[in-house]
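Here the structure comes first, spelled out in structure tokens, and everything after it is commentary.
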Amino acid sequence: MAGIGFELKKLFDKKGILNSVKAYGYASVICAGPMLLGVLLLLGIMFICARAGVDFHKKELLICMITYTLLASITTTSVFSMVVTRFTADMLYEEKKSAILPSFWGSSAIMMTAGSVLWAIFLLFSGANLMCCFLMFIFFNEMILVWNAMSYLTAIKDYKGIFLSYLAAIVVTFVLGWILTFFFRAYAIEMLLLSITVGYGVMVIWNLTLLHRYFPKSDVSAFLFLDWMDEYLYLAFSGFFVNLGMFSHLVIMWFSKVGVRVHGLFYGAPEHDVPALLAFITTLITTVNFVVSVEVNFYGKYRNHYSLYNDKGTIKDILQAEKEMLDTLKTELLYTSIKQLLCTALFIAAGGFLLDVLPLGLNEMTRGYFRTLCVGYGLYAIGNMTMLILLYFTDYKGAFFATGIFAAGSIVLSLISLLFPQVYYGFGFLIASMAFLIVAIQRLDYFTKRLPYYILAVQPLVSEDKSGVFRKLKVFLEDKLEADRHE
Amino acid sequence: MRICMVLEGCYPYINGGVSTWAHQYITEMPEHEFVLWVIGAKAEDKDKFVYKLPPNVVAVEQVFLDDALRIHPNKVFNHKFTAAENEALENLVRSSKPNWDLLFDMYHKKKINPMSYLKSEHFLKTLTEICKEDFPYTAFSDCFHSVRSRLLPVLHLLGATIPTADCYHAISTGYGGLLACLGGYINKKPVLLTEHGIYTREREEEIIRAKWVAREFKGEWIKFFYMLSDLIYDKAFRVTSLFTRAKATQVEMGCDESKCYVIENGISYERFCDIPLKEDDGFVDIGAVVRFAPIKDIKTMIYAFFELTTRMVNVRLHIMGGVDDEEYAQECRDLITTLGIEDKVIMPGRVNVVEYFEKLDFTILTSISEGQPLSVLESFAAGRPCVTTEVGCCRELLEGSPGDTFGIAGYCVPPMQREKLADRMEVMCESRELRLKMGEIAKKRTHAYYRYSIMLDKYKNLYKEVEEGWQV
């Protein structure tokens, strides 16, 4: 009958599309690399200083400068790191490889611009001499490129390339540092900063070469990824919070009774900083374990399970795959935790010896911090791994809450710990890490019990446009670029 | 009496058979007030009426299916479902006779948010259990999305604002029928159904052809529309159809025969009955009052006419009507050129049919699908017999329904068979005497059964019956 009814297809041709689920948890794992590199760098610098006979004050100042730059740059990049990782994974999945390289430069440009302004203001009032300021400024921007490149390089999983670039940076820094301090002992700080700048410069060039080799140049908007910022704001915050939780306690300790003002705005707390750096190394256990065991064993089951949703799996297939996946996950998390626990215990035992060997000049208080922080970082490592699993399940909200509690806990409890005797200083971080772990595990348990619900039911029936402040920034930047081009 | 007429996707938004019917129907019943309760596909069509509404339309309540997609789920969804409610929902998902009264209560009176429900764990659990039992070999997420997009508009409609009226008269089953039943239930008023075609069958055909439904879900979608027709066949006080065979189909689909009436559509006989017969000018002029649309199968008409021209010389074909589908119209024009019959096929476009009939000897209709074609009745009223395809109630029109002894007013052939069509056209062309005789029968039949006034009287009686006979 003419006229009656209407074509249904116009209404329902869009089914709620399951977003491209991609494993991208690697980012923070790989970022642990440069972080450890930083630790190694600091220890190496201390060693060189000791060998070259650099005076104590200068050594302290140099370490402060390096630490400040590392922390400032990683805090800046942590805002974008998770989101650009997701963006890269999505673009690879959608076979839009050409959108990737522009976004690297776009995100780097935004971070370098914003970060440089803040960093320059700090340097201006820091009390460091002009040469040091200049080198730290360069170092800061190099680090932004390095951290940011990590997010992209993890997507192509070229671990060998990444590792070699680390190695190059270390070798160049140490060899150059050794030679330069030998010849220009009076300018040890400047020379060592210069070596670091050159060393990391090599790493930057290496990484950029890798990026340009894998990703094609193109005219795609450099700020496309800002749409992802609006979409995955929770993810952006998670990255930032982890960072805040991991390092804020260090900064707080600089202003505690164990803290010292080294020079100008450069503060430090050697009695606390050094054991913290050493304890941080223990997280490597879980990090490595995550990549070589959890991810490998779990990812296959995970992919199988998700692909059943996308590729016509029946309800029974799905439930079976879900069970297998969760069983594997449980086993892997348990084993990794046990390994971390054992290694932490071992490290604590061996740590006493290690602290004696290193030319650090430590006391009993330091040993106490070391033990506390080893436990703290151990708990953090497992908590962080659990949080990464939440990200695999796209539970960004859960990750947001867990990391938020970690960050807030680390700050607030560290501040509270200042009211207690000095021996309790590390406990703020320890308790925060424990809270992080507990919340992450609880959330994972809650979430995995309702997987089909989160995968299917909460999906909107039509795609929703989440546009916000970052979309506006994108439009602004694109217009700017366009205007420049016409001039 | 205030009648709420429930229309789906036609009047007053779109021109067409049912729209024309509804407009004239309301206009001719000034003694009743009408409320239009209309379902449109897209909210952007709101208030875009192509008809000037008659003065006795006192209100228009518009519902749009795509508004369902704009429903925001509640922040918290904590409705506790009773066992009976769960069962009703399960049956709804299965499209097997749910307890509609309960569903009306839940989604209309208790105002459960459809979006919240469809995004809830509760819905997922219900579906999971059903899938385990009923669809163990079907892709689960496809099933999920399919069911969800099927239920959303239904649950959305259940929450619609109901206009007050003394009865709810649906002009189709499907979503329109659903609304009428909802209104009837909530306001405790009678429900009537008038079907111009068999809605569910039309939907079925559409779904079978449709590309937007995956093959494995076609059965489910068809079942879903059967469930909706089942609802109104069950709840309606009276169900009318246009012809005997349609009524039989309704009964076959589960409608209680005792409530089924046939009310034929009528035409204004007086406009056509005085049209003079065409003088014999050595030519036989065949007319087709038809829009250019694939469903009218004009290509078969052209082929059949071409076949006829190979047998007879003095024939002409007049295709009168607007263009629905420009691409199809062009294909038809190209076909005429290819066959080299441009000089014998006249296409005057939209014309005043009453005047044009003077030039015609008989008419043809080649549709693939029809309900009760008014063009055949108009041709009859003008005393022109007809050759038609056997669709809708064409045979009934040509040969008479049971109890009608006037005789045969034309020929019926199976759809899409050019040879048979040409054969019958040839028979018709060969004898002016035959045409005149059949034309006379056609005229008598139309006068006896298919006058507009007869139709109106029957509907008026129906409303009277509702007033007198219906009880809660």
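How things are named: the first chain in the structure tokens is A, the next is B, and so on; residues count from 1 in each chain; ligands count from 1 in the order shown.
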
Report the residues of region 224-444 of chain B whose backbone DSSP state falls under strand (DSSP E), written as an NGL selection string.
:B and (238-241 or 260-262 or 284-289 or 315-320 or 345-349 or 362-365 or 386-389 or 410-413)

Can those selected residues be exported to a file as a short mmCIF file (atom, residue, chain, number, x, y, z; two decimals), in the first residue's frame so that it contains N, CA and C atoms?
data_model
loop_
_atom_site.label_atom_id
_atom_site.label_comp_id
_atom_site.auth_asym_id
_atom_site.auth_seq_id
_atom_site.Cartn_x
_atom_site.Cartn_y
_atom_site.Cartn_z
N ARG B 238 -13.44 -4.17 16.84
CA ARG B 238 -13.77 -4.56 15.47
C ARG B 238 -12.54 -4.41 14.59
N VAL B 239 -12.43 -5.31 13.62
CA VAL B 239 -11.32 -5.24 12.67
C VAL B 239 -11.91 -5.21 11.27
N THR B 240 -11.58 -4.21 10.50
CA THR B 240 -12.12 -4.18 9.14
C THR B 240 -11.01 -4.33 8.12
N SER B 241 -11.41 -4.82 6.94
CA SER B 241 -10.48 -4.93 5.83
C SER B 241 -11.21 -4.47 4.57
N CYS B 260 -14.39 -9.50 12.53
CA CYS B 260 -13.87 -9.01 11.26
C CYS B 260 -14.99 -8.59 10.30
N TYR B 261 -14.88 -7.40 9.77
CA TYR B 261 -15.81 -6.91 8.76
C TYR B 261 -15.03 -6.56 7.51
N VAL B 262 -15.75 -6.65 6.36
CA VAL B 262 -15.17 -6.08 5.15
C VAL B 262 -15.88 -4.76 4.90
N VAL B 284 -8.17 1.37 -30.85
CA VAL B 284 -8.55 0.98 -29.49
C VAL B 284 -7.55 1.68 -28.55
N ASP B 285 -8.08 2.51 -27.63
CA ASP B 285 -7.23 3.23 -26.70
C ASP B 285 -7.28 2.60 -25.32
N ILE B 286 -6.07 2.18 -24.87
CA ILE B 286 -5.97 1.50 -23.58
C ILE B 286 -5.36 2.49 -22.58
N GLY B 287 -5.96 2.59 -21.41
CA GLY B 287 -5.45 3.55 -20.41
C GLY B 287 -4.85 2.86 -19.20
N ALA B 288 -3.90 3.54 -18.59
CA ALA B 288 -3.35 3.06 -17.32
C ALA B 288 -3.16 4.27 -16.43
N VAL B 289 -3.97 4.35 -15.38
CA VAL B 289 -3.81 5.47 -14.44
C VAL B 289 -2.87 4.98 -13.35
N VAL B 315 -3.81 0.09 -32.13
CA VAL B 315 -3.92 0.20 -30.67
C VAL B 315 -3.02 1.32 -30.15
N ARG B 316 -3.45 1.92 -29.05
CA ARG B 316 -2.65 2.98 -28.42
C ARG B 316 -2.69 2.80 -26.91
N LEU B 317 -1.57 3.13 -26.28
CA LEU B 317 -1.50 3.00 -24.82
C LEU B 317 -1.29 4.39 -24.21
N HIS B 318 -2.14 4.74 -23.22
CA HIS B 318 -1.99 6.04 -22.53
C HIS B 318 -1.58 5.77 -21.09
N ILE B 319 -0.38 6.21 -20.71
CA ILE B 319 0.04 6.03 -19.31
C ILE B 319 -0.08 7.39 -18.63
N MET B 320 -1.06 7.49 -17.71
CA MET B 320 -1.34 8.78 -17.07
C MET B 320 -0.91 8.73 -15.61
N VAL B 345 2.60 4.93 -27.74
CA VAL B 345 2.49 5.09 -26.29
C VAL B 345 2.45 6.58 -25.97
N ILE B 346 1.38 7.01 -25.34
CA ILE B 346 1.21 8.42 -25.02
C ILE B 346 1.35 8.58 -23.51
N MET B 347 2.21 9.53 -23.11
CA MET B 347 2.40 9.73 -21.67
C MET B 347 2.11 11.18 -21.32
N PRO B 348 0.87 11.50 -21.04
CA PRO B 348 0.50 12.90 -20.80
C PRO B 348 0.82 13.40 -19.39
N GLY B 349 1.37 12.55 -18.54
CA GLY B 349 1.64 12.98 -17.15
C GLY B 349 0.36 12.98 -16.33
N PHE B 362 -10.68 0.93 -22.66
CA PHE B 362 -10.60 0.13 -21.42
C PHE B 362 -9.28 0.45 -20.72
N THR B 363 -9.11 -0.07 -19.51
CA THR B 363 -7.87 0.25 -18.78
C THR B 363 -7.14 -1.03 -18.36
N ILE B 364 -5.87 -0.83 -18.02
CA ILE B 364 -5.09 -1.98 -17.51
C ILE B 364 -4.36 -1.58 -16.23
N LEU B 365 -4.06 -2.59 -15.46
CA LEU B 365 -3.31 -2.40 -14.22
C LEU B 365 -2.34 -3.57 -14.11
N CYS B 386 -11.66 -3.62 -17.43
CA CYS B 386 -10.27 -3.56 -16.97
C CYS B 386 -9.56 -4.91 -17.15
N VAL B 387 -8.27 -4.86 -17.52
CA VAL B 387 -7.44 -6.06 -17.45
C VAL B 387 -6.44 -5.81 -16.33
N THR B 388 -6.41 -6.68 -15.36
CA THR B 388 -5.51 -6.43 -14.22
C THR B 388 -4.66 -7.66 -13.91
N THR B 389 -3.64 -7.44 -13.09
CA THR B 389 -2.91 -8.58 -12.54
C THR B 389 -3.69 -9.08 -11.33
N GLY B 410 -14.07 -7.78 -16.57
CA GLY B 410 -12.70 -7.68 -17.08
C GLY B 410 -11.95 -8.97 -16.83
N TYR B 411 -10.61 -8.89 -17.13
CA TYR B 411 -9.82 -10.11 -17.01
C TYR B 411 -8.67 -9.94 -16.02
N CYS B 412 -8.33 -11.04 -15.41
CA CYS B 412 -7.29 -11.08 -14.38
C CYS B 412 -6.18 -12.02 -14.85
N VAL B 413 -4.94 -11.57 -14.80
CA VAL B 413 -3.82 -12.45 -15.17
C VAL B 413 -2.77 -12.42 -14.05
#

Residues of chain B within 7 Å of chain A, using only C-alpha atoms, as a VMD selection string?
chain B and resid 8 to 10 14 to 18 41 66 69 119 to 121 124 131 to 132 136 to 141 145 149 197 212 370 to 371

Do you know which residues are at most 9 Å from Cys343 (chain A) counting only C-alpha atoms, after dropping those on the same chain fewer than 5 positions away, and could you put them as a count of residues only?
5

Per DSSP on the backbone, what are the helix (DSSP H, G or I) residues of region 237-420 of chain B, as an MDAnalysis selection string?
chainID B and resid 244:252 257:259 269:273 294:296 298:311 326:339 353:359 374:381 394:399 418:420

Long-range neighbours of region 323-325 of chain B as a ChimeraX atom specification, 9 Å cut-off, only C-alpha atoms, 6 positions minimum in chain:
/B:291-294,349-350

Do you know which residues are at most 7 Å from region 269-281 of chain B counting only C-alpha atoms, after dropping those on the same chain fewer than 4 positions away, and could you put them as a count of residues only?
10

Atom-to-atom span, CA of Glu205 (chain B) and CA of Phe225 (chain B), Å:
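For CA of Glu205 (chain B) relative to CA of Phe225 (chain B), the distance reads 11.5 Å.
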
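When only C-alpha atoms are used to compute distances to Val6 (chain B), the closest of the residues B:Lys458, B:His169, B:Arg418, B:Lys188 turns out to be B:His169.
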
Please provide as a PDB file with N, CA and C atoms, in the first residue's frame all residues within 9 Å of Ile441 (chain A), with the sequence filter that same-chain residues fewer than 3 positions apart are discarded (counting only C-alpha atoms).
ATOM      1  N   GLY A 383      49.939  -3.030  41.797  1.00  0.00           N
ATOM      2  CA  GLY A 383      48.760  -2.184  41.595  1.00  0.00           C
ATOM      3  C   GLY A 383      48.734  -1.619  40.187  1.00  0.00           C
ATOM      4  N   THR A 386      47.756  -4.222  37.696  1.00  0.00           N
ATOM      5  CA  THR A 386      46.316  -4.461  37.756  1.00  0.00           C
ATOM      6  C   THR A 386      45.571  -3.341  37.026  1.00  0.00           C
ATOM      7  N   MET A 387      46.061  -2.125  37.229  1.00  0.00           N
ATOM      8  CA  MET A 387      45.445  -0.986  36.563  1.00  0.00           C
ATOM      9  C   MET A 387      45.574  -1.114  35.035  1.00  0.00           C
ATOM     10  N   PHE A 436      46.123   1.776  46.406  1.00  0.00           N
ATOM     11  CA  PHE A 436      46.067   1.682  44.940  1.00  0.00           C
ATOM     12  C   PHE A 436      45.823   0.234  44.522  1.00  0.00           C
ATOM     13  N   LEU A 437      46.639  -0.653  45.112  1.00  0.00           N
ATOM     14  CA  LEU A 437      46.530  -2.072  44.777  1.00  0.00           C
ATOM     15  C   LEU A 437      45.150  -2.618  45.142  1.00  0.00           C
ATOM     16  N   ILE A 438      44.706  -2.309  46.350  1.00  0.00           N
ATOM     17  CA  ILE A 438      43.422  -2.849  46.812  1.00  0.00           C
ATOM     18  C   ILE A 438      42.275  -2.350  45.930  1.00  0.00           C
ATOM     19  N   LEU A 444      38.861  -4.549  39.469  1.00  0.00           N
ATOM     20  CA  LEU A 444      39.039  -5.572  38.443  1.00  0.00           C
ATOM     21  C   LEU A 444      38.085  -6.733  38.686  1.00  0.00           C
ATOM     22  N   ASP A 445      37.951  -7.083  39.956  1.00  0.00           N
ATOM     23  CA  ASP A 445      37.056  -8.171  40.319  1.00  0.00           C
ATOM     24  C   ASP A 445      35.615  -7.805  39.963  1.00  0.00           C
ATOM     25  N   TYR A 446      35.215  -6.609  40.345  1.00  0.00           N
ATOM     26  CA  TYR A 446      33.863  -6.131  40.070  1.00  0.00           C
ATOM     27  C   TYR A 446      33.610  -6.097  38.562  1.00  0.00           C
TER      28      TYR A 446
END

For region 461-467 of chain B, list every protein, DNA or RNA residue within 8 Å, evaluated using only C-alpha atoms, and leave out those in the same chain fewer than 3 positions away; present the list as a list of chain:residue names.
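Contacts, in chain order: B:Pro190, B:Phe237, B:Asp457, B:Lys458, B:Trp470.
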
Of the listed residues A:Leu118, A:Leu61, A:Ile189, A:Val204, that which approaches Val260 (chain A) most closely, counting only C-alpha atoms:
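Answer, going by the shortest atom-to-atom distance: A:Leu61.
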